[in-house]
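Trainee: Dropping a structure here in structure tokens format, bear with me for questions.
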Protein chains: 4
Amino acid sequence: MATRVAIMGATGYTALELIKILLRHPQVEIVAVTSRQETSPISSIHPSLTGRLDLPLQNLSPAEISARAECVFGCLPHGASAEVIPDILRGGARVVDFSADYRLASADVYEEWYGHKHPDPDRLGVVPYGLPELFRDRIVGADLVANPGCYPTPVILALSPLLKAGSISAEDIIVDSKSGVSGAGRSPKLTTHFPECNESVSAYGVGRHRHVPEIDRILTEFGGRSTSIIFTPHLIPMDRGILSTAYSRPQGNVSEEAILDCLREFYKDEPFVQVVDHLPGTKDTLGSNFCHITARVVRGRVVTISCIDNLVKGAAGAAVQNFNLMFGYPETTAL
Amino acid sequence: MATRVAIMGATGYTALELIKILLRHPQVEIVAVTSRQETSPISSIHPSLTGRLDLPLQNLSPAEISARAECVFGCLPHGASAEVIPDILRGGARVVDFSADYRLASADVYEEWYGHKHPDPDRLGVVPYGLPELFRDRIVGADLVANPGCYPTPVILALSPLLKAGSISAEDIIVDSKSGVSGAGRSPKLTTHFPECNESVSAYGVGRHRHVPEIDRILTEFGGRSTSIIFTPHLIPMDRGILSTAYSRPQGNVSEEAILDCLREFYKDEPFVQVVDHLPGTKDTLGSNFCHITARVVRGRVVTISCIDNLVKGAAGAAVQNFNLMFGYPETTAL
Amino acid sequence: MATRVAIMGATGYTALELIKILLRHPQVEIVAVTSRQETSPISSIHPSLTGRLDLPLQNLSPAEISARAECVFGCLPHGASAEVIPDILRGGARVVDFSADYRLASADVYEEWYGHKHPDPDRLGVVPYGLPELFRDRIVGADLVANPGCYPTPVILALSPLLKAGSISAEDIIVDSKSGVSGAGRSPKLTTHFPECNESVSAYGVGRHRHVPEIDRILTEFGGRSTSIIFTPHLIPMDRGILSTAYSRPQGNVSEEAILDCLREFYKDEPFVQVVDHLPGTKDTLGSNFCHITARVVRGRVVTISCIDNLVKGAAGAAVQNFNLMFGYPETTAL
Amino acid sequence: MATRVAIMGATGYTALELIKILLRHPQVEIVAVTSRQETSPISSIHPSLTGRLDLPLQNLSPAEISARAECVFGCLPHGASAEVIPDILRGGARVVDFSADYRLASADVYEEWYGHKHPDPDRLGVVPYGLPELFRDRIVGADLVANPGCYPTPVILALSPLLKAGSISAEDIIVDSKSGVSGAGRSPKLTTHFPECNESVSAYGVGRHRHVPEIDRILTEFGGRSTSIIFTPHLIPMDRGILSTAYSRPQGNVSEEAILDCLREFYKDEPFVQVVDHLPGTKDTLGSNFCHITARVVRGRVVTISCIDNLVKGAAGAAVQNFNLMFGYPETTAL
């Protein structure tokens, strides 16, 4: 007996990746794909779905969606997402939300970084953050899960165990991240026009990227000490992948081996996190739900390097991992 | 004593490449860069010009342009170009036109392929076609030159000598071309959005590309026999470069060596066309005004392979080569 | 009860892709991965398998392989493959052979194109060619299947139905193909060194590529008329994907719609071939076992355009499709 | 009267770029190109030089080289370079050395990082470091100049003025750099094999890259305080370009505007360094000898971002800039 799912806002890249994963899931039936603008067959927007998913895009109300689906994957922009999710939950469906709307704990911080009042402030801080490696217990059986941002995932996975163990200081953490262009979404812009971003690397949003408060929040909560990172994202001429190089200070006299052991111990039973000895590249995780992590100690600094596929572990794969936990399926199904 | 030049429609990629070449030209002074929309410094549109060209974009009338410049490089879209060029010529400036407006010989053919009446039909067929390797005599000292299209250049350079010599038939010529993305211009579109066209190759405009009548015209005129090519352009995930693979029928019993000799003989004194024995790649001509050509005979078909940098020999480099001929400078200056 | 499989020659890209597909197959257990040089864990060669497949590379004899596995996927180079496959079959295992060794019907043609005598000539022409869309009946239950070459697959799928229906002539077929670099294998060479082939497109092996006799053979056998194609492969700066643009002559007065209808009718029940109206790009088939095909009629020529992922439908996906048919599993399992 | 120059070790990418620049130099005649292995025409190694430079590669002794050329550009590997340069100097030619052999001041540091004794230790610390923006006076008229490494150039240009002015601390500087693949040279390796490094980003040589002591030395000498950076280079899937993101600590209460003003003031008369307000991308400097720099202050850290074309300002362009200074030509000639 399959679980009926809907994808809300199905024209983007994360939705496409999600559909491809769900089509492999033996306990899932996709019953609806929605869009506020498009009404064509979904394969006319995503030609790679031709012959694989034969559904029209529809502009459905929250009530209509929750009447059809038991689980809704929300791929709407921030702001729009928290406008409709309360109604979907009220209608009886559960939700994995890809937007940033339920990732922060504070309505004030949300307003500061996103520039508008949060439409559903009471749920902030209550909704589980969908990183099973840190918060599995809260995700199991949940009605609503906030799927993590793409940049936060490899940063949090690399640093959280070290912060919690006290191996590194919570002060003065620098995160230098490199992302493929699919992270910028499917709307054409000059910065993502091929002849502009191909054969080029550039930083953007230095110090202002909205994933900063998300990383700060989770590192602080999980690590137990107030953390404020310095974060620089870079645009890399490739489709997918994020590599994060983080520079932190060891606490006391911690060796490289001790750092690696701390990570290995923490993740020893995790199906999707691999602590490796070599220096990983994003291609090692391309198309998979894995995160690869390593660490080095250089001149008294801990350098952690972690990578994921931003559309899988950084979005759609994590969402299916969360879905599996919410609905009681084996966590790795379809992944 | 430098020649004063203006670039009309200076926000695109061909204009940028042109400016970079002109900045190396010892007999050129750039006196104006125009745009119908932008009024900012040109370096704010093209950051690579920072510290190299300090001019504001201006919306100048044809009269204003011809008052300032002795030569105008027209980088306007087709249609718009032939609207203003007559006034510029009347004002006393000479023009190298990058648009398609003066490349065809017939107003009817123009209307058929471009969908609107030609604004200046009397000049059609009179304006020299700016491929010096075929039409140098007509370009020397000209007031207006029609700069060739990017696709036509390597096709015409590979096939014209063979057609003229009667080495290949004018019937049944198939041209399969591959172009980098800069050929699509600087306006963001879904088809040139990085995550769409990167890591993909596709055909477009099959049988309908507007360079077809241009290639037909020049091959017919230069070769002396009516020629109608079958043309398929493809979009390749790279910034620059066009490679054209053309399939034609040998006339009589022509060997591979005879084909290569015919090409070598035709181009033996040309500074920018190299007939090579190996199979060239577009990178061999990247950033230069060269065209590399080779040929093979396969199972009774002549396969010619030719490549250029679409922004240089396919646009800005050819324009400067034409400019040099028009104004009496050594043809290779700055190239 | 899973089928035990071995991958012979597991260090290359097709083997890696095969392993990733097999790891999703519910009726497969990978019991051995072999290499003649390497003895390290397979994840040290393919880091993306870390935590997913924990097997050492081993140098096993044919007898050892057939003792362990019920099905062997052979990823050896041509020549080497037919040296060991007879012994593996004798040992009782069945084989899907990725090499070219069993794709041709004639030992003479093999020797002409591959430069050495065929080690196992008696099986030539008897082994089924592993394109289920044309030869499904012969593949079902077979002991040995010759997995098709990457270039032949989209060419044969586009042209075979038209040849068989008599919609196009068998004479004068030109195939211009474009492939990503993974098709060149995993051994570093100057031509596949990143700064050489990135940002460049070039033709190679013009008229001499070893896939020519394979395409000729299958088109001739399936179409029923002797066919000799003119074939030009091109190297495209992308990891994966093949797009083939083929130019053929219509027989009689055939319309574009009739060509498309012929293809649609032929493939109407095929799970992995989609005849589309739009012009497909290789990205539409990236990572999937699909082939997308369309056609246009241009100035009295039929232009067919077809694309696949060379590592999936062009290699590992086709192999699993064949495996499913050989062992009685649903044909689309894991694909 | 042109200066006769030779390129020693002319088969690599920096030599190719150098030749292209020198071909535009009105006061240069290239008289020899050497190689220890190759004896073919240089255009057979670098097809883009076809029709542009007609010289054979030759295996010349230092005496033969200095007999022919007034200036030798040395593109040999480290170690090999300092073996022959003393003899070339003795023969009367001057040298711009691309290798690392004369960039460090101490034979001990050289041996520690390069693993062998320095062949010519007496010249260490005496040879000028070829960054005209810092050391122009020492380069003018010099006999031997150590051309800077590609990574050090944008790092040193961004940080030196701030260190010298006391705007940032010499402690705790982290440099995260991203480079295109041409920096790895022209010899094929698995790490630079297209299907390995395309669509991937990875760190390498973390804490161990040989450019570390070079950066340390120059920052220390120019800034006046001992500096030891933490350096992580990353490989980016593009041909050319380096972007360096450096994290340093402001001294006292320094504003973002003060940091930018310090840089602007320092470089106000420099032809090739542009301090910009926007966040630059490597494409802004592609193919040019420019370095673009900006800075931000984020949560009490100074983030400087600087970029160059690694083959131009990071190698061949800098070499010609140094050559111009050594021989009394205008510094920007051919650049």
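Each chain in the structure tokens gets a letter, A, B and so on, in the order shown; residues start at 1 in every chain, and ligands are counted from 1 in the order they appear.
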Extract, using only C-alpha atoms, all DNA, RNA and protein residues at most 9 Å from Pro250 in chain B, discarding same-chain residues fewer than 3 positions from it, and format them as a PyMOL selection string.

Mentor: chain B and resi 166-169+253-255+259+297+300-302

Trainee: For the residues in that selection, give me N, CA and C atoms as a PDB file, in the first residue's frame.

Mentor:
ATOM      1  N   GLY B 166      35.592  23.270 -58.781  1.00  0.00           N
ATOM      2  CA  GLY B 166      34.855  22.131 -59.313  1.00  0.00           C
ATOM      3  C   GLY B 166      35.252  20.804 -58.684  1.00  0.00           C
ATOM      4  N   SER B 167      35.900  20.853 -57.540  1.00  0.00           N
ATOM      5  CA  SER B 167      36.305  19.603 -56.887  1.00  0.00           C
ATOM      6  C   SER B 167      35.132  18.902 -56.204  1.00  0.00           C
ATOM      7  N   ILE B 168      34.143  19.677 -55.813  1.00  0.00           N
ATOM      8  CA  ILE B 168      32.957  19.070 -55.192  1.00  0.00           C
ATOM      9  C   ILE B 168      31.711  19.557 -55.931  1.00  0.00           C
ATOM     10  N   SER B 169      30.674  18.781 -55.777  1.00  0.00           N
ATOM     11  CA  SER B 169      29.389  19.125 -56.368  1.00  0.00           C
ATOM     12  C   SER B 169      28.683  20.190 -55.543  1.00  0.00           C
ATOM     13  N   ASN B 253      36.859  11.864 -59.881  1.00  0.00           N
ATOM     14  CA  ASN B 253      37.638  10.986 -59.021  1.00  0.00           C
ATOM     15  C   ASN B 253      38.684  11.794 -58.256  1.00  0.00           C
ATOM     16  N   VAL B 254      38.229  12.533 -57.267  1.00  0.00           N
ATOM     17  CA  VAL B 254      39.121  13.440 -56.549  1.00  0.00           C
ATOM     18  C   VAL B 254      39.651  12.762 -55.290  1.00  0.00           C
ATOM     19  N   SER B 255      40.955  12.833 -55.074  1.00  0.00           N
ATOM     20  CA  SER B 255      41.547  12.197 -53.896  1.00  0.00           C
ATOM     21  C   SER B 255      41.550  13.163 -52.711  1.00  0.00           C
ATOM     22  N   ILE B 259      42.041  17.314 -52.664  1.00  0.00           N
ATOM     23  CA  ILE B 259      41.178  18.255 -51.934  1.00  0.00           C
ATOM     24  C   ILE B 259      42.029  19.161 -51.040  1.00  0.00           C
ATOM     25  N   VAL B 297      38.494  12.219 -47.222  1.00  0.00           N
ATOM     26  CA  VAL B 297      37.536  11.554 -48.100  1.00  0.00           C
ATOM     27  C   VAL B 297      37.149  10.238 -47.446  1.00  0.00           C
ATOM     28  N   GLY B 300      33.706   7.839 -50.378  1.00  0.00           N
ATOM     29  CA  GLY B 300      33.183   8.595 -51.507  1.00  0.00           C
ATOM     30  C   GLY B 300      32.517   9.916 -51.172  1.00  0.00           C
ATOM     31  N   ARG B 301      32.735  10.379 -49.959  1.00  0.00           N
ATOM     32  CA  ARG B 301      32.243  11.704 -49.563  1.00  0.00           C
ATOM     33  C   ARG B 301      33.424  12.542 -49.101  1.00  0.00           C
ATOM     34  N   VAL B 302      33.369  13.832 -49.412  1.00  0.00           N
ATOM     35  CA  VAL B 302      34.370  14.739 -48.863  1.00  0.00           C
ATOM     36  C   VAL B 302      33.859  15.263 -47.524  1.00  0.00           C
TER      37      VAL B 302
END

Trainee: Distance limit 7 Å, atoms considered: only C-alpha atoms. Which chain C residues sit that close to chain D? Return them as a list in words.

Mentor: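 The contacting residues on chain C are Val181, Ser182, Pro188, Lys189, Leu190, Thr192, His193, Phe194, Pro195 and Asp239 of chain C.
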
Trainee: List as a list in words the protein and nucleic acid residues near Gly224 in chain B, meaning an atom at most 12 Å away when only C-alpha atoms are counted, but skip any in the same chain fewer than 2 places from it.

Mentor: Ser160, Pro161, Leu162, Leu163, Lys164, Ala165, Gly166, Ser169, Ala170, Asp216, Arg217, Ile218, Leu219, Thr220, Glu221, Phe222, Ser226 and Thr227 of chain B

Trainee: Go ahead and save the residues from that selection, with N, CA, C and O atoms, as a PDB file, in the first residue's frame.

Mentor:
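Once written, out-v9.pdb looks like this:
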ATOM      1  N   SER B 160      34.133  27.054 -50.297  1.00  0.00           N
ATOM      2  CA  SER B 160      34.220  27.926 -51.481  1.00  0.00           C
ATOM      3  C   SER B 160      35.323  27.533 -52.452  1.00  0.00           C
ATOM      4  O   SER B 160      35.069  27.434 -53.656  1.00  0.00           O
ATOM      5  N   PRO B 161      36.547  27.316 -51.978  1.00  0.00           N
ATOM      6  CA  PRO B 161      37.594  26.980 -52.954  1.00  0.00           C
ATOM      7  C   PRO B 161      37.294  25.669 -53.682  1.00  0.00           C
ATOM      8  O   PRO B 161      37.611  25.532 -54.871  1.00  0.00           O
ATOM      9  N   LEU B 162      36.672  24.729 -52.982  1.00  0.00           N
ATOM     10  CA  LEU B 162      36.389  23.433 -53.598  1.00  0.00           C
ATOM     11  C   LEU B 162      35.268  23.549 -54.622  1.00  0.00           C
ATOM     12  O   LEU B 162      35.300  22.902 -55.673  1.00  0.00           O
ATOM     13  N   LEU B 163      34.284  24.387 -54.303  1.00  0.00           N
ATOM     14  CA  LEU B 163      33.205  24.609 -55.266  1.00  0.00           C
ATOM     15  C   LEU B 163      33.723  25.335 -56.507  1.00  0.00           C
ATOM     16  O   LEU B 163      33.430  24.961 -57.629  1.00  0.00           O
ATOM     17  N   LYS B 164      34.498  26.370 -56.266  1.00  0.00           N
ATOM     18  CA  LYS B 164      35.014  27.162 -57.385  1.00  0.00           C
ATOM     19  C   LYS B 164      35.900  26.318 -58.302  1.00  0.00           C
ATOM     20  O   LYS B 164      35.845  26.430 -59.536  1.00  0.00           O
ATOM     21  N   ALA B 165      36.704  25.445 -57.674  1.00  0.00           N
ATOM     22  CA  ALA B 165      37.601  24.599 -58.471  1.00  0.00           C
ATOM     23  C   ALA B 165      36.863  23.433 -59.110  1.00  0.00           C
ATOM     24  O   ALA B 165      37.458  22.678 -59.894  1.00  0.00           O
ATOM     25  N   GLY B 166      35.592  23.270 -58.781  1.00  0.00           N
ATOM     26  CA  GLY B 166      34.855  22.131 -59.313  1.00  0.00           C
ATOM     27  C   GLY B 166      35.252  20.804 -58.684  1.00  0.00           C
ATOM     28  O   GLY B 166      34.933  19.737 -59.208  1.00  0.00           O
ATOM     29  N   SER B 169      30.674  18.781 -55.777  1.00  0.00           N
ATOM     30  CA  SER B 169      29.389  19.125 -56.368  1.00  0.00           C
ATOM     31  C   SER B 169      28.683  20.190 -55.543  1.00  0.00           C
ATOM     32  O   SER B 169      28.850  20.249 -54.312  1.00  0.00           O
ATOM     33  N   ALA B 170      27.884  21.018 -56.198  1.00  0.00           N
ATOM     34  CA  ALA B 170      27.084  22.003 -55.470  1.00  0.00           C
ATOM     35  C   ALA B 170      25.791  21.387 -54.923  1.00  0.00           C
ATOM     36  O   ALA B 170      25.070  22.017 -54.161  1.00  0.00           O
ATOM     37  N   ASP B 216      24.053  29.930 -48.440  1.00  0.00           N
ATOM     38  CA  ASP B 216      23.619  29.633 -49.816  1.00  0.00           C
ATOM     39  C   ASP B 216      24.076  30.726 -50.789  1.00  0.00           C
ATOM     40  O   ASP B 216      24.608  30.449 -51.860  1.00  0.00           O
ATOM     41  N   ARG B 217      23.821  31.973 -50.402  1.00  0.00           N
ATOM     42  CA  ARG B 217      24.151  33.085 -51.302  1.00  0.00           C
ATOM     43  C   ARG B 217      25.632  33.118 -51.656  1.00  0.00           C
ATOM     44  O   ARG B 217      26.005  33.186 -52.824  1.00  0.00           O
ATOM     45  N   ILE B 218      26.482  33.061 -50.631  1.00  0.00           N
ATOM     46  CA  ILE B 218      27.906  33.235 -50.895  1.00  0.00           C
ATOM     47  C   ILE B 218      28.475  32.019 -51.627  1.00  0.00           C
ATOM     48  O   ILE B 218      29.269  32.167 -52.573  1.00  0.00           O
ATOM     49  N   LEU B 219      28.069  30.827 -51.225  1.00  0.00           N
ATOM     50  CA  LEU B 219      28.557  29.643 -51.952  1.00  0.00           C
ATOM     51  C   LEU B 219      28.114  29.693 -53.416  1.00  0.00           C
ATOM     52  O   LEU B 219      28.875  29.346 -54.319  1.00  0.00           O
ATOM     53  N   THR B 220      26.892  30.113 -53.634  1.00  0.00           N
ATOM     54  CA  THR B 220      26.375  30.200 -55.003  1.00  0.00           C
ATOM     55  C   THR B 220      27.146  31.243 -55.817  1.00  0.00           C
ATOM     56  O   THR B 220      27.607  30.974 -56.926  1.00  0.00           O
ATOM     57  N   GLU B 221      27.308  32.424 -55.240  1.00  0.00           N
ATOM     58  CA  GLU B 221      27.990  33.495 -55.974  1.00  0.00           C
ATOM     59  C   GLU B 221      29.455  33.181 -56.224  1.00  0.00           C
ATOM     60  O   GLU B 221      29.962  33.367 -57.322  1.00  0.00           O
ATOM     61  N   PHE B 222      30.112  32.708 -55.183  1.00  0.00           N
ATOM     62  CA  PHE B 222      31.551  32.485 -55.343  1.00  0.00           C
ATOM     63  C   PHE B 222      31.821  31.206 -56.123  1.00  0.00           C
ATOM     64  O   PHE B 222      32.752  31.132 -56.927  1.00  0.00           O
ATOM     65  N   SER B 226      24.324  27.150 -58.316  1.00  0.00           N
ATOM     66  CA  SER B 226      23.302  27.289 -57.282  1.00  0.00           C
ATOM     67  C   SER B 226      23.483  26.239 -56.190  1.00  0.00           C
ATOM     68  O   SER B 226      23.554  25.050 -56.459  1.00  0.00           O
ATOM     69  N   THR B 227      23.557  26.708 -54.957  1.00  0.00           N
ATOM     70  CA  THR B 227      23.847  25.837 -53.819  1.00  0.00           C
ATOM     71  C   THR B 227      22.810  26.050 -52.722  1.00  0.00           C
ATOM     72  O   THR B 227      22.507  27.187 -52.373  1.00  0.00           O
TER      73      THR B 227
END

Trainee: What lies within 6 Å of Ala100 in chain B using only C-alpha atoms, ignoring chain neighbours under 2 positions off, as a list in words?

Mentor: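 Listing them by chain and then by number gives His78, Tyr102 and Arg103 of chain B.
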
Trainee: Tell me, as a PyMOL selection string, which residues lie within 6 Å of Ile242 in chain A, counting only C-alpha atoms; anything in the same chain fewer than 2 positions away does not count.

Mentor: chain A and resi 178-179+307-308+310

Trainee: Using only C-alpha atoms, which residues sit within 9 Å of range 137-142 of chain B once same-chain residues fewer than 6 positions away are excluded, as a list in words?

Mentor: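 Final neighbour list, sorted by chain and number: Arg94, Val95, Val127, Pro128, Tyr129, Gly130, Leu131, Asn322, Phe323, Asn324, Leu325, Met326, Phe327 and Gly328 of chain B.
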
Trainee: For the residues selected in the previous step, produce a file with N, CA, C and O atoms as a PDB file, in the first residue's frame.

Mentor:
ATOM      1  N   ARG B  94      32.123  55.846 -41.940  1.00  0.00           N
ATOM      2  CA  ARG B  94      32.033  54.548 -42.582  1.00  0.00           C
ATOM      3  C   ARG B  94      31.577  53.509 -41.547  1.00  0.00           C
ATOM      4  O   ARG B  94      31.679  53.740 -40.342  1.00  0.00           O
ATOM      5  N   VAL B  95      31.111  52.355 -42.019  1.00  0.00           N
ATOM      6  CA  VAL B  95      30.476  51.410 -41.101  1.00  0.00           C
ATOM      7  C   VAL B  95      30.902  49.960 -41.391  1.00  0.00           C
ATOM      8  O   VAL B  95      30.934  49.532 -42.546  1.00  0.00           O
ATOM      9  N   VAL B 127      26.587  46.139 -51.108  1.00  0.00           N
ATOM     10  CA  VAL B 127      27.522  46.191 -49.981  1.00  0.00           C
ATOM     11  C   VAL B 127      28.444  44.972 -50.032  1.00  0.00           C
ATOM     12  O   VAL B 127      27.968  43.840 -50.158  1.00  0.00           O
ATOM     13  N   PRO B 128      29.740  45.152 -49.903  1.00  0.00           N
ATOM     14  CA  PRO B 128      30.628  43.981 -49.926  1.00  0.00           C
ATOM     15  C   PRO B 128      30.416  43.087 -48.692  1.00  0.00           C
ATOM     16  O   PRO B 128      30.173  43.582 -47.593  1.00  0.00           O
ATOM     17  N   TYR B 129      30.525  41.798 -48.948  1.00  0.00           N
ATOM     18  CA  TYR B 129      30.451  40.803 -47.879  1.00  0.00           C
ATOM     19  C   TYR B 129      31.849  40.680 -47.278  1.00  0.00           C
ATOM     20  O   TYR B 129      32.823  40.387 -47.986  1.00  0.00           O
ATOM     21  N   GLY B 130      31.935  40.899 -45.993  1.00  0.00           N
ATOM     22  CA  GLY B 130      33.235  41.126 -45.355  1.00  0.00           C
ATOM     23  C   GLY B 130      34.082  39.900 -45.076  1.00  0.00           C
ATOM     24  O   GLY B 130      34.572  39.750 -43.957  1.00  0.00           O
ATOM     25  N   LEU B 131      34.271  39.076 -46.073  1.00  0.00           N
ATOM     26  CA  LEU B 131      35.185  37.953 -45.924  1.00  0.00           C
ATOM     27  C   LEU B 131      36.371  38.228 -46.851  1.00  0.00           C
ATOM     28  O   LEU B 131      36.338  37.899 -48.045  1.00  0.00           O
ATOM     29  N   ASN B 322      38.412  43.766 -41.629  1.00  0.00           N
ATOM     30  CA  ASN B 322      37.724  44.594 -42.622  1.00  0.00           C
ATOM     31  C   ASN B 322      38.038  46.073 -42.448  1.00  0.00           C
ATOM     32  O   ASN B 322      38.308  46.791 -43.416  1.00  0.00           O
ATOM     33  N   PHE B 323      38.019  46.523 -41.205  1.00  0.00           N
ATOM     34  CA  PHE B 323      38.359  47.914 -40.898  1.00  0.00           C
ATOM     35  C   PHE B 323      39.748  48.262 -41.435  1.00  0.00           C
ATOM     36  O   PHE B 323      39.955  49.318 -42.042  1.00  0.00           O
ATOM     37  N   ASN B 324      40.706  47.369 -41.169  1.00  0.00           N
ATOM     38  CA  ASN B 324      42.072  47.625 -41.654  1.00  0.00           C
ATOM     39  C   ASN B 324      42.098  47.795 -43.174  1.00  0.00           C
ATOM     40  O   ASN B 324      42.777  48.694 -43.692  1.00  0.00           O
ATOM     41  N   LEU B 325      41.344  46.935 -43.873  1.00  0.00           N
ATOM     42  CA  LEU B 325      41.310  47.032 -45.339  1.00  0.00           C
ATOM     43  C   LEU B 325      40.593  48.305 -45.784  1.00  0.00           C
ATOM     44  O   LEU B 325      41.007  48.978 -46.737  1.00  0.00           O
ATOM     45  N   MET B 326      39.529  48.669 -45.103  1.00  0.00           N
ATOM     46  CA  MET B 326      38.770  49.867 -45.471  1.00  0.00           C
ATOM     47  C   MET B 326      39.611  51.125 -45.312  1.00  0.00           C
ATOM     48  O   MET B 326      39.522  52.056 -46.098  1.00  0.00           O
ATOM     49  N   PHE B 327      40.439  51.153 -44.255  1.00  0.00           N
ATOM     50  CA  PHE B 327      41.171  52.376 -43.926  1.00  0.00           C
ATOM     51  C   PHE B 327      42.642  52.328 -44.315  1.00  0.00           C
ATOM     52  O   PHE B 327      43.408  53.225 -43.972  1.00  0.00           O
ATOM     53  N   GLY B 328      43.050  51.266 -44.993  1.00  0.00           N
ATOM     54  CA  GLY B 328      44.409  51.237 -45.502  1.00  0.00           C
ATOM     55  C   GLY B 328      45.484  50.855 -44.498  1.00  0.00           C
ATOM     56  O   GLY B 328      46.660  51.100 -44.726  1.00  0.00           O
TER      57      GLY B 328
END

Trainee: Could you check which of C:Thr3, C:Thr232, C:Thr50, C:Ser106 is closest to Thr304 in chain B, using only C-alpha atoms?

Mentor: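 With only C-alpha atoms as the atom set, the closest residue is C:Thr232.
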
Trainee: Among range 196-242 of chain D, which residues does DSSP mark as strand (DSSP E) when it is run on the backbone? Keep the chain and numbering as in the structure and answer as a PyMOL selection string.

Mentor: chain D and resi 202-203+230-235+242

Trainee: Now that the selection is made, can you save its residues with C-alpha atoms as a CSV table (one decimal), in the first residue's frame?

Mentor:
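The resulting selection15.csv:
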chain,number,residue,atom,x,y,z
D,202,SER,CA,38.3,19.5,-4.5
D,203,ALA,CA,41.0,20.7,-2.2
D,230,ILE,CA,47.2,28.8,6.4
D,231,PHE,CA,46.7,28.0,2.7
D,232,THR,CA,44.2,25.7,1.0
D,233,PRO,CA,44.3,25.5,-2.8
D,234,HIS,CA,41.2,24.1,-4.7
D,235,LEU,CA,40.9,22.7,-8.2
D,242,ILE,CA,42.6,32.0,-9.7

Trainee: Could you jot down the CA of Ser288 in chain A to CA of Asp269 in chain A separation for me, Å, one decimal place?

Mentor: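 For CA of Ser288 in chain A relative to CA of Asp269 in chain A, the distance reads 17.8 Å.
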
Trainee: Fewer than 4 positions away in the same chain doesn't count, so skip those; otherwise give me all residues within 12 Å of Thr11 in chain D, counting only C-alpha atoms, as a ChimeraX atom specification.

Mentor: /D:7,15-19,33-47,49,56-58,74-77,185-187
